[in-house]
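Reproduced below: model-v2.cif, with mmCIF, C-alpha atoms.
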```
data_structure
#
loop_
_atom_site.group_PDB
_atom_site.id
_atom_site.type_symbol
_atom_site.label_atom_id
_atom_site.label_comp_id
_atom_site.auth_asym_id
_atom_site.auth_seq_id
_atom_site.Cartn_x
_atom_site.Cartn_y
_atom_site.Cartn_z
ATOM 1 C CA MET A 144 110.049 104.675 89.662
ATOM 2 C CA LEU A 145 110.840 105.363 93.326
ATOM 3 C CA ASP A 146 112.827 108.291 94.652
ATOM 4 C CA GLY A 147 115.383 108.064 97.489
ATOM 5 C CA LEU A 148 112.644 107.982 100.128
ATOM 6 C CA GLY A 149 110.909 104.989 98.582
ATOM 7 C CA VAL A 150 107.994 106.984 97.167
ATOM 8 C CA THR A 151 106.992 107.926 93.634
ATOM 9 C CA PRO A 152 108.257 111.141 91.998
ATOM 10 C CA VAL A 153 106.497 114.372 92.943
ATOM 11 C CA SER A 154 104.623 114.698 89.651
ATOM 12 C CA ARG A 155 102.806 111.365 90.201
ATOM 13 C CA ARG A 156 102.450 111.373 93.976
ATOM 14 C CA SER A 157 99.159 110.751 95.680
ATOM 15 C CA GLY A 158 98.359 112.348 99.007
ATOM 16 C CA TRP A 159 99.620 109.199 100.759
ATOM 17 C CA ASP A 160 102.902 109.362 98.857
ATOM 18 C CA ARG A 161 103.472 112.984 99.849
ATOM 19 C CA LEU A 162 102.667 112.147 103.464
ATOM 20 C CA GLY A 163 104.938 109.129 103.116
ATOM 21 C CA ALA A 164 107.925 111.422 102.685
ATOM 22 C CA VAL A 165 107.472 112.242 106.367
ATOM 23 C CA ASP A 166 106.020 108.927 107.523
ATOM 24 C CA TRP A 167 108.522 106.513 105.969
ATOM 25 C CA PRO A 168 111.599 107.647 107.919
ATOM 26 C CA ILE A 169 109.576 107.573 111.140
ATOM 27 C CA ALA A 170 108.188 104.110 110.335
ATOM 28 C CA ARG A 171 111.656 102.762 109.578
ATOM 29 C CA ALA A 172 113.049 104.213 112.802
ATOM 30 C CA MET A 173 110.186 102.958 114.985
ATOM 31 C CA ALA A 174 109.655 99.444 113.596
ATOM 32 C CA LEU A 175 111.363 96.938 115.825
ATOM 33 C CA SER A 176 113.386 94.001 114.635
ATOM 34 C CA GLY A 177 113.802 90.638 116.306
ATOM 35 C CA ASP A 178 117.147 91.855 117.666
ATOM 36 C CA TRP A 179 115.393 94.031 120.244
ATOM 37 C CA ARG A 180 113.911 91.220 122.356
ATOM 38 C CA THR A 181 112.360 93.100 125.301
ATOM 39 C CA PRO A 182 110.874 96.012 123.302
ATOM 40 C CA VAL A 183 109.485 93.553 120.736
ATOM 41 C CA VAL A 184 107.733 91.543 123.459
ATOM 42 C CA VAL A 185 106.362 94.743 125.044
ATOM 43 C CA ALA A 186 105.140 96.171 121.712
ATOM 44 C CA LYS A 187 103.395 92.927 120.813
ATOM 45 C CA ALA A 188 101.773 92.680 124.259
ATOM 46 C CA LEU A 189 100.531 96.275 124.120
ATOM 47 C CA SER A 190 99.110 95.747 120.633
ATOM 48 C CA ARG A 191 97.243 92.683 121.860
ATOM 49 C CA LEU A 192 95.929 94.619 124.880
ATOM 50 C CA GLY A 193 94.577 97.207 122.456
ATOM 51 C CA ASN A 194 92.464 94.514 120.796
ATOM 52 C CA GLY A 195 90.089 94.754 123.772
ATOM 53 C CA PRO A 196 91.564 93.714 127.136
ATOM 54 C CA ILE A 197 92.827 97.223 127.940
ATOM 55 C CA TYR A 198 89.229 98.428 128.149
ATOM 56 C CA LEU A 199 88.477 95.830 130.798
ATOM 57 C CA LEU A 200 91.485 97.141 132.766
ATOM 58 C CA ILE A 201 90.190 100.705 132.400
ATOM 59 C CA LEU A 202 86.743 99.595 133.571
ATOM 60 C CA VAL A 203 88.223 97.838 136.619
ATOM 61 C CA ALA A 204 90.249 100.972 137.441
ATOM 62 C CA LEU A 205 87.092 103.095 137.251
ATOM 63 C CA ILE A 206 85.256 100.682 139.552
ATOM 64 C CA VAL A 207 88.118 100.514 142.059
ATOM 65 C CA PHE A 208 89.010 104.228 142.164
ATOM 66 C CA ARG A 209 85.482 105.596 141.536
ATOM 67 C CA PRO A 210 86.444 109.086 140.353
ATOM 68 C CA LYS A 211 83.790 111.746 140.572
ATOM 69 C CA GLY A 212 81.443 111.283 137.633
ATOM 70 C CA SER A 213 82.273 107.606 137.023
ATOM 71 C CA GLU A 214 78.888 106.925 135.477
ATOM 72 C CA ALA A 215 79.197 109.881 133.115
ATOM 73 C CA ILE A 216 82.709 108.753 132.182
ATOM 74 C CA LEU A 217 81.438 105.268 131.330
ATOM 75 C CA ILE A 218 78.520 106.629 129.304
ATOM 76 C CA CYS A 219 80.704 109.083 127.403
ATOM 77 C CA GLY A 220 83.504 106.609 126.733
ATOM 78 C CA GLY A 221 81.125 103.836 125.731
ATOM 79 C CA ALA A 222 78.985 106.051 123.516
ATOM 80 C CA SER A 223 82.080 107.530 121.863
ATOM 81 C CA ILE A 224 83.521 104.110 121.112
ATOM 82 C CA VAL A 225 80.237 102.806 119.690
ATOM 83 C CA LEU A 226 79.786 105.916 117.537
ATOM 84 C CA LEU A 227 83.377 105.817 116.315
ATOM 85 C CA HIS A 228 83.174 102.154 115.384
ATOM 86 C CA CYS A 229 80.037 102.837 113.344
ATOM 87 C CA VAL A 230 81.989 105.160 111.009
ATOM 88 C CA TYR A 231 85.526 103.797 111.428
ATOM 89 C CA PRO A 232 85.231 100.936 108.879
ATOM 90 C CA SER A 233 84.037 103.383 106.214
ATOM 91 C CA ILE A 234 86.948 105.725 106.907
ATOM 92 C CA LYS A 235 89.406 102.827 106.617
ATOM 93 C CA ARG A 236 87.929 101.564 103.347
ATOM 94 C CA SER A 237 87.753 105.001 101.742
ATOM 95 C CA ALA A 238 91.324 105.878 102.753
ATOM 96 C CA ALA A 239 92.622 102.414 101.711
ATOM 97 C CA ARG A 240 96.132 103.172 102.922
ATOM 98 C CA PRO A 241 98.404 100.124 103.053
ATOM 99 C CA ARG A 242 100.035 99.274 106.367
ATOM 100 C CA PRO A 243 103.801 99.641 106.814
ATOM 101 C CA ARG A 244 103.978 95.847 107.307
ATOM 102 C CA ASP A 245 102.452 95.422 103.826
ATOM 103 C CA LEU A 246 105.164 97.668 102.425
ATOM 104 C CA GLY A 247 108.070 95.839 104.025
ATOM 105 C CA ILE A 248 108.324 97.577 107.408
ATOM 106 C CA ALA A 249 107.283 95.120 110.091
ATOM 107 C CA CYS A 250 108.215 93.594 113.396
ATOM 108 C CA PRO A 251 108.735 89.840 112.973
ATOM 109 C CA GLY A 252 106.039 87.789 114.659
ATOM 110 C CA ALA A 253 103.777 90.770 115.346
ATOM 111 C CA PRO A 254 100.126 89.873 115.842
ATOM 112 C CA PRO A 255 98.100 90.190 112.650
ATOM 113 C CA PRO A 256 96.084 93.397 112.330
ATOM 114 C CA LEU A 257 92.345 93.284 112.905
ATOM 115 C CA ASP A 258 91.604 94.878 109.531
ATOM 116 C CA ARG A 259 93.288 95.520 106.210
ATOM 117 C CA TYR A 260 94.151 99.205 106.095
ATOM 118 C CA SER A 261 96.349 101.540 108.077
ATOM 119 C CA PHE A 262 94.553 104.914 108.232
ATOM 120 C CA PRO A 263 93.514 105.863 110.896
ATOM 121 C CA SER A 264 94.761 103.837 113.860
ATOM 122 C CA GLY A 265 91.700 102.245 115.419
ATOM 123 C CA HIS A 266 93.630 101.199 118.527
ATOM 124 C CA VAL A 267 94.734 104.762 119.241
ATOM 125 C CA MET A 268 91.367 106.237 118.224
ATOM 126 C CA THR A 269 89.465 103.954 120.590
ATOM 127 C CA LEU A 270 91.901 104.386 123.469
ATOM 128 C CA THR A 271 91.811 108.169 123.066
ATOM 129 C CA ALA A 272 88.007 108.089 123.133
ATOM 130 C CA ALA A 273 88.067 105.993 126.316
ATOM 131 C CA LEU A 274 90.717 108.075 128.105
ATOM 132 C CA PHE A 275 89.474 111.550 127.164
ATOM 133 C CA PRO A 276 86.465 111.649 129.524
ATOM 134 C CA ILE A 277 88.527 110.114 132.337
ATOM 135 C CA VAL A 278 91.173 112.824 132.104
ATOM 136 C CA LEU A 279 88.480 115.491 131.776
ATOM 137 C CA ALA A 280 86.640 114.288 134.896
ATOM 138 C CA ALA A 281 89.785 113.532 136.916
ATOM 139 C CA PRO A 282 92.539 115.874 135.669
ATOM 140 C CA ALA A 283 95.056 114.520 138.199
ATOM 141 C CA VAL A 284 95.306 111.276 136.180
ATOM 142 C CA TRP A 285 96.457 112.969 132.962
ATOM 143 C CA PRO A 286 100.051 111.660 133.345
ATOM 144 C CA VAL A 287 98.749 108.072 133.534
ATOM 145 C CA GLY A 288 96.400 108.700 130.608
ATOM 146 C CA LEU A 289 99.164 110.241 128.527
ATOM 147 C CA ALA A 290 101.570 107.407 129.367
ATOM 148 C CA THR A 291 98.932 104.814 128.433
ATOM 149 C CA TRP A 292 98.166 106.593 125.170
ATOM 150 C CA GLY A 293 101.887 107.021 124.411
ATOM 151 C CA ALA A 294 102.610 103.348 125.044
ATOM 152 C CA MET A 295 99.838 102.260 122.682
ATOM 153 C CA ALA A 296 100.860 104.773 120.017
ATOM 154 C CA TRP A 297 104.464 103.557 120.218
ATOM 155 C CA ALA A 298 103.405 99.900 120.067
ATOM 156 C CA ARG A 299 101.318 100.426 116.924
ATOM 157 C CA LEU A 300 104.305 102.057 115.211
ATOM 158 C CA ALA A 301 106.789 99.514 116.569
ATOM 159 C CA VAL A 302 104.929 96.449 115.265
ATOM 160 C CA GLY A 303 104.603 98.025 111.801
ATOM 161 C CA ASP A 304 100.839 98.372 111.764
ATOM 162 C CA HIS A 305 100.711 102.155 111.407
ATOM 163 C CA PHE A 306 102.488 105.241 110.216
ATOM 164 C CA ALA A 307 102.808 108.226 112.574
ATOM 165 C CA SER A 308 100.105 110.120 110.653
ATOM 166 C CA ASP A 309 97.698 107.192 111.197
ATOM 167 C CA VAL A 310 98.263 107.476 114.944
ATOM 168 C CA ALA A 311 97.848 111.264 114.818
ATOM 169 C CA ALA A 312 94.597 110.944 112.860
ATOM 170 C CA GLY A 313 93.275 108.299 115.265
ATOM 171 C CA THR A 314 94.046 110.611 118.162
ATOM 172 C CA VAL A 315 92.304 113.600 116.578
ATOM 173 C CA ILE A 316 89.222 111.597 115.576
ATOM 174 C CA GLY A 317 88.940 109.880 118.974
ATOM 175 C CA ALA A 318 89.457 113.124 120.906
ATOM 176 C CA GLY A 319 87.048 115.020 118.663
ATOM 177 C CA VAL A 320 84.145 112.626 119.112
ATOM 178 C CA SER A 321 84.822 111.869 122.770
ATOM 179 C CA GLY A 322 85.497 115.541 123.528
ATOM 180 C CA ALA A 323 82.211 116.631 121.976
ATOM 181 C CA LEU A 324 80.268 114.011 123.928
ATOM 182 C CA ALA A 325 82.208 114.733 127.131
ATOM 183 C CA TYR A 326 81.328 118.416 126.834
ATOM 184 C CA TRP A 327 77.638 117.493 127.199
ATOM 185 C CA ILE A 328 77.865 114.399 129.398
ATOM 186 C CA VAL A 329 80.836 114.740 131.761
ATOM 187 C CA THR A 330 81.047 118.481 132.384
#
```
Would you kindly transcribe this structure into structure tokens?
Amino acid sequence: MLDGLGVTPVSRRSGWDRLGAVDWPIARAMALSGDWRTPVVVAKALSRLGNGPIYLLILVALIVFRPKGSEAILICGGASIVLLHCVYPSIKRSAARPRPRDLGIACPGAPPPLDRYSFPSGHVMTLTAALFPIVLAAPAVWPVGLATWGAMAWARLAVGDHFASDVAAGTVIGAGVSGALAYWIVT
């Protein structure tokens, strides 16, 4: 039996159900419908960029602008991403949280996800890990880094691939690993 929020009663709730009491209203508010043409196109494009091409753009920006410590930034970002993607599949499988799109909250025509489960957001985790050492080495670019992160976080919610807590967890995991490596490599 579902309560008014679309989750099971308190006595039988799992951790995901309790978190869903917060996540569901956010997911419903953020998921775009086909009626919002421009935002839908933007959200889909950003989600596709997060499948890999955005990292090529970041690499080109590092080559063109050559901030102080570019090599350390590349080493830290690359090492963080490799390390994260060694443990990320295990985290996803053990959490086994369904995606909003699998529960009826989805943007029509959104690109299919790269894996089955929702928690944590791999797109946001990886982007956070890539951006963290850049912002640490070149603090003046933090507005661009924050805007890039925010756009990706929004897109993942808007296409119905993640709940807000998935994005938050991806951010914390990505920043934690990249921050620890950046402490030794970049600074």
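Considering the residues A:Val183, A:Ala280, A:Ala239, A:Cys219 and counting all atoms listed in the file, A:Trp327 has its shortest atom-to-atom contact with A:Cys219.
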Sorted by chain and rising residue number, list the residues of stretch 222-275 of chain A at most 10 Å from stretch 281-301 of chain A (counting all atoms listed in the file), each with its closest atom pair and distance in Å to one decimal, as JSON lines.
```
{"residue": "A:Pro243", "atom": "CA", "partner": "A:Leu300", "partner_atom": "CA", "distance": 8.8}
{"residue": "A:Ile248", "atom": "CA", "partner": "A:Ala301", "partner_atom": "CA", "distance": 9.5}
{"residue": "A:Ala249", "atom": "CA", "partner": "A:Ala301", "partner_atom": "CA", "distance": 7.8}
{"residue": "A:Cys250", "atom": "CA", "partner": "A:Ala301", "partner_atom": "CA", "distance": 6.9}
{"residue": "A:Ala253", "atom": "CA", "partner": "A:Ala301", "partner_atom": "CA", "distance": 9.3}
{"residue": "A:Pro256", "atom": "CA", "partner": "A:Arg299", "partner_atom": "CA", "distance": 9.9}
{"residue": "A:Ser264", "atom": "CA", "partner": "A:Arg299", "partner_atom": "CA", "distance": 8.0}
{"residue": "A:Gly265", "atom": "CA", "partner": "A:Arg299", "partner_atom": "CA", "distance": 9.9}
{"residue": "A:His266", "atom": "CA", "partner": "A:Met295", "partner_atom": "CA", "distance": 7.5}
{"residue": "A:Val267", "atom": "CA", "partner": "A:Ala296", "partner_atom": "CA", "distance": 6.2}
{"residue": "A:Met268", "atom": "CA", "partner": "A:Trp292", "partner_atom": "CA", "distance": 9.7}
{"residue": "A:Leu270", "atom": "CA", "partner": "A:Trp292", "partner_atom": "CA", "distance": 6.9}
{"residue": "A:Thr271", "atom": "CA", "partner": "A:Trp292", "partner_atom": "CA", "distance": 6.9}
{"residue": "A:Ala273", "atom": "CA", "partner": "A:Gly288", "partner_atom": "CA", "distance": 9.8}
{"residue": "A:Leu274", "atom": "CA", "partner": "A:Gly288", "partner_atom": "CA", "distance": 6.2}
{"residue": "A:Phe275", "atom": "CA", "partner": "A:Gly288", "partner_atom": "CA", "distance": 8.2}
```
Residue among A:Ile216, A:Ile316, A:Leu324, A:Val302 lying closest to A:Pro182, counting all atoms listed in the file: A:Val302
Residues selected by the PyMOL selection byres ((chain A and resi 222-234) around 7), written as a ChimeraX atom specification: /A:218-221,235-238,269,272,320-321
Atomic separation - atom CA of A:Arg240 relative to atom CA of A:Tyr260, Å: 5.5 Å
Please define a box with edges along x, y and z of the file around all atoms of stretch 270-289 of chain A given in the file, extend it by 3 Å on each side, and return its centre and edge lengths in Å to one decimal, as lines of an AutoDock Vina configuration file.
```
center_x = 93.3
center_y = 110.1
center_z = 130.6
size_x = 19.6
size_y = 17.5
size_z = 21.1
```
Residues in the PyMOL selection byres ((chain A and resi 205) around 12), expressed as a VMD selection string: chain A and resid 198 to 204 206 to 217 220 273 to 274 276 to 278 280 to 281 284
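Atom pair atom CA of A:Val165 / atom CA of A:Gly247: separated by 16.6 Å.
For the file shown, the residue list from the PyMOL selection byres ((chain A and resi 305) around 8) reads Ala170, Arg242, Pro243, Ser261, Phe262, Ser264, Arg299, Leu300, Gly303, Asp304, Phe306, Ala307, Asp309 and Val310 of chain A.
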Output C-alpha atoms for every residue in that selection, as a PDB file, keeping the file's coordinate frame.
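Saved to part.pdb:
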```
ATOM      1  CA  ALA A 170     108.188 104.110 110.335  1.00  0.00           C
ATOM      2  CA  ARG A 242     100.035  99.274 106.367  1.00  0.00           C
ATOM      3  CA  PRO A 243     103.801  99.641 106.814  1.00  0.00           C
ATOM      4  CA  SER A 261      96.349 101.540 108.077  1.00  0.00           C
ATOM      5  CA  PHE A 262      94.553 104.914 108.232  1.00  0.00           C
ATOM      6  CA  SER A 264      94.761 103.837 113.860  1.00  0.00           C
ATOM      7  CA  ARG A 299     101.318 100.426 116.924  1.00  0.00           C
ATOM      8  CA  LEU A 300     104.305 102.057 115.211  1.00  0.00           C
ATOM      9  CA  GLY A 303     104.603  98.025 111.801  1.00  0.00           C
ATOM     10  CA  ASP A 304     100.839  98.372 111.764  1.00  0.00           C
ATOM     11  CA  PHE A 306     102.488 105.241 110.216  1.00  0.00           C
ATOM     12  CA  ALA A 307     102.808 108.226 112.574  1.00  0.00           C
ATOM     13  CA  ASP A 309      97.698 107.192 111.197  1.00  0.00           C
ATOM     14  CA  VAL A 310      98.263 107.476 114.944  1.00  0.00           C
TER      15      VAL A 310
END
```
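The space separating atom CA of A:Gly319 from atom CA of A:Ser190 comes to 22.8 Å.
With distances taken over all atoms listed in the file, A:Leu279 is the one residue among A:Ser308, A:Val315, A:Leu279, A:Asn194 lying closest to A:Ile328.
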